[in-house]
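Reproduced below: start19.csv, with CSV, C-alpha atoms.
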chain,number,residue,atom,x,y,z
A,1,MET,CA,0.0,0.0,0.0
A,2,SER,CA,1.3,3.4,-0.9
A,3,ASP,CA,1.8,6.3,1.6
A,4,LEU,CA,-0.8,9.1,1.9
A,5,ILE,CA,0.8,12.5,2.0
A,6,PHE,CA,-1.4,15.4,3.1
A,7,SER,CA,0.0,18.9,2.8
A,8,LEU,CA,-1.6,22.2,3.9
A,9,PRO,CA,0.6,25.0,2.6
A,10,HIS,CA,-0.8,28.4,3.4
A,11,GLU,CA,-0.4,32.0,2.4
A,12,THR,CA,-1.9,35.1,4.0
A,13,TYR,CA,-2.8,38.1,1.8
A,14,PHE,CA,-3.6,41.6,3.0
A,15,GLY,CA,-4.1,44.7,0.9
A,16,VAL,CA,-6.3,47.2,-0.8
A,17,ASP,CA,-9.0,45.5,-3.0
A,18,ILE,CA,-7.7,42.0,-2.1
A,19,ALA,CA,-11.2,40.6,-2.3
A,20,ASN,CA,-11.3,41.4,-6.1
A,21,ARG,CA,-7.9,39.7,-6.6
A,22,LEU,CA,-8.8,36.7,-4.5
A,23,ALA,CA,-10.1,34.5,-7.4
A,24,SER,CA,-6.8,35.1,-9.4
A,25,ILE,CA,-4.8,34.1,-6.4
A,26,ILE,CA,-6.8,31.0,-5.8
A,27,LEU,CA,-6.5,29.9,-9.4
A,28,GLN,CA,-2.7,29.8,-9.0
A,29,HIS,CA,-3.2,26.9,-6.6
A,30,GLY,CA,-6.3,25.1,-7.8
A,31,SER,CA,-10.0,25.5,-8.3
A,32,ARG,CA,-11.5,24.7,-4.9
A,33,VAL,CA,-11.5,26.6,-1.7
A,34,LEU,CA,-12.8,26.5,1.9
A,35,VAL,CA,-14.2,29.9,3.0
A,36,VAL,CA,-14.0,30.3,6.8
A,37,THR,CA,-15.8,33.4,8.1
A,38,GLU,CA,-17.8,35.0,10.9
A,39,ALA,CA,-21.6,35.1,10.2
A,40,ILE,CA,-21.5,38.9,10.8
A,41,LEU,CA,-19.9,39.4,7.4
A,42,TYR,CA,-23.2,38.6,5.8
A,43,GLU,CA,-24.7,41.8,7.2
A,44,ARG,CA,-22.6,44.0,4.9
A,45,ASN,CA,-22.8,41.5,2.0
A,46,THR,CA,-19.1,41.0,2.2
A,47,ILE,CA,-19.3,37.2,1.9
A,48,GLU,CA,-21.8,37.3,-0.9
A,49,LYS,CA,-19.5,39.6,-3.0
A,50,VAL,CA,-16.6,37.2,-2.5
A,51,LEU,CA,-18.7,34.2,-3.4
A,52,GLU,CA,-20.0,35.9,-6.5
A,53,LEU,CA,-16.4,36.5,-7.6
A,54,LEU,CA,-15.5,32.9,-7.0
A,55,GLU,CA,-18.5,31.7,-9.0
A,56,LYS,CA,-17.6,34.0,-11.9
A,57,LYS,CA,-14.2,32.2,-12.1
A,58,ASN,CA,-15.7,28.7,-11.7
A,59,ILE,CA,-14.1,28.2,-8.4
A,60,SER,CA,-15.8,25.6,-6.2
A,61,PHE,CA,-16.2,26.5,-2.6
A,62,ILE,CA,-17.6,25.4,0.8
A,63,VAL,CA,-18.5,28.0,3.4
A,64,TYR,CA,-18.0,27.5,7.1
A,65,ASP,CA,-19.6,30.6,8.8
A,66,GLU,CA,-20.0,29.4,12.4
A,67,VAL,CA,-16.9,31.1,13.7
A,68,GLY,CA,-17.9,33.6,16.4
A,69,PRO,CA,-16.3,36.8,17.5
A,70,ASN,CA,-13.0,36.4,19.4
A,71,ALA,CA,-12.9,32.7,18.5
A,72,THR,CA,-10.8,30.4,20.6
A,73,SER,CA,-8.9,27.3,19.7
A,74,GLN,CA,-12.1,25.4,20.7
A,75,ALA,CA,-13.8,26.9,17.7
A,76,VAL,CA,-11.1,25.5,15.5
A,77,GLU,CA,-11.5,22.1,16.9
A,78,GLU,CA,-15.2,22.2,16.3

Could the structure of this file be written out as structure tokens, please?
Amino acid sequence: MSDLIFSLPHETYFGVDIANRLASIILQHGSRVLVVTEAILYERNTIEKVLELLEKKNISFIVYDEVGPNATSQAVEE
């Protein structure tokens, strides 16, 4: 039986207008993404705008929006 290798490389981006550049950044690494966010970002349509940009670039996504404010390591475990 062959070995299973699971790698989780990561990059963090900050900057002006980063949400509009997000799809291009993701496409450098693949075509699927996990979006982890706080539910409050729905109130200003921030998440909807990001998801629309991903859909336009045919990027598949899963949204986890149950992270609360000031999340602890327990939230990560859940």

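Of the listed residues A:Ser7, A:Thr72, A:Thr46, A:Asn58, the one whose atoms come nearest to Ser24 (chain A) is A:Asn58, with distances taken using all atoms listed in the file.
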
Selected residue of minimal separation from Tyr64 (chain A) among A:Thr37, A:Pro9, A:Ser31, A:Ala23, counting all atoms listed in the file: A:Thr37

Go ahead and compute the interatomic distance for CA of Leu41 (chain A) and CA of Ile18 (chain A), in Å to one decimal. 15.7 Å

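Distances here use all atoms listed in the file; by that measure, the residue among A:Ile62, A:Ala71, A:Met1, A:Leu54 closest to Val36 (chain A) is A:Ile62.
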
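Residues in contact with Lys49 (chain A) at up to 10 Å, not including ones fewer than 6 positions away on its chain and judged by only C-alpha atoms, are Ala19, Asn20, Tyr42 and Glu55 of chain A.
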
Residues near Ser60 (chain A), anyone? I mean within 12 Å using all atoms listed in the file, not counting same-chain ones fewer than 6 positions away, as a short mmCIF file (atom, residue, chain, number, x, y, z; two decimals) with C-alpha atoms, keeping the file's coordinate frame.
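Output file around-v7.cif follows:
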data_model
loop_
_atom_site.label_atom_id
_atom_site.label_comp_id
_atom_site.auth_asym_id
_atom_site.auth_seq_id
_atom_site.Cartn_x
_atom_site.Cartn_y
_atom_site.Cartn_z
CA ALA A 23 -10.10 34.50 -7.40
CA ILE A 26 -6.80 31.00 -5.80
CA LEU A 27 -6.50 29.90 -9.40
CA GLY A 30 -6.30 25.10 -7.80
CA SER A 31 -10.00 25.50 -8.30
CA ARG A 32 -11.50 24.70 -4.90
CA VAL A 33 -11.50 26.60 -1.70
CA LEU A 34 -12.80 26.50 1.90
CA VAL A 35 -14.20 29.90 3.00
CA LEU A 51 -18.70 34.20 -3.40
CA GLU A 52 -20.00 35.90 -6.50
CA LEU A 53 -16.40 36.50 -7.60
CA LEU A 54 -15.50 32.90 -7.00
#

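Straight-line separation from CA of Val67 (chain A) to CA of Ile40 (chain A): 9.5 Å.
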
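Rounded to one decimal, CA of Leu22 (chain A) and CA of Phe61 (chain A) lie 12.7 Å from each other.
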
With all atoms listed in the file as the atoms that count, which of A:His29, A:Glu48, A:Gly68, A:Gln74 lies nearest to His10 (chain A)? A:His29
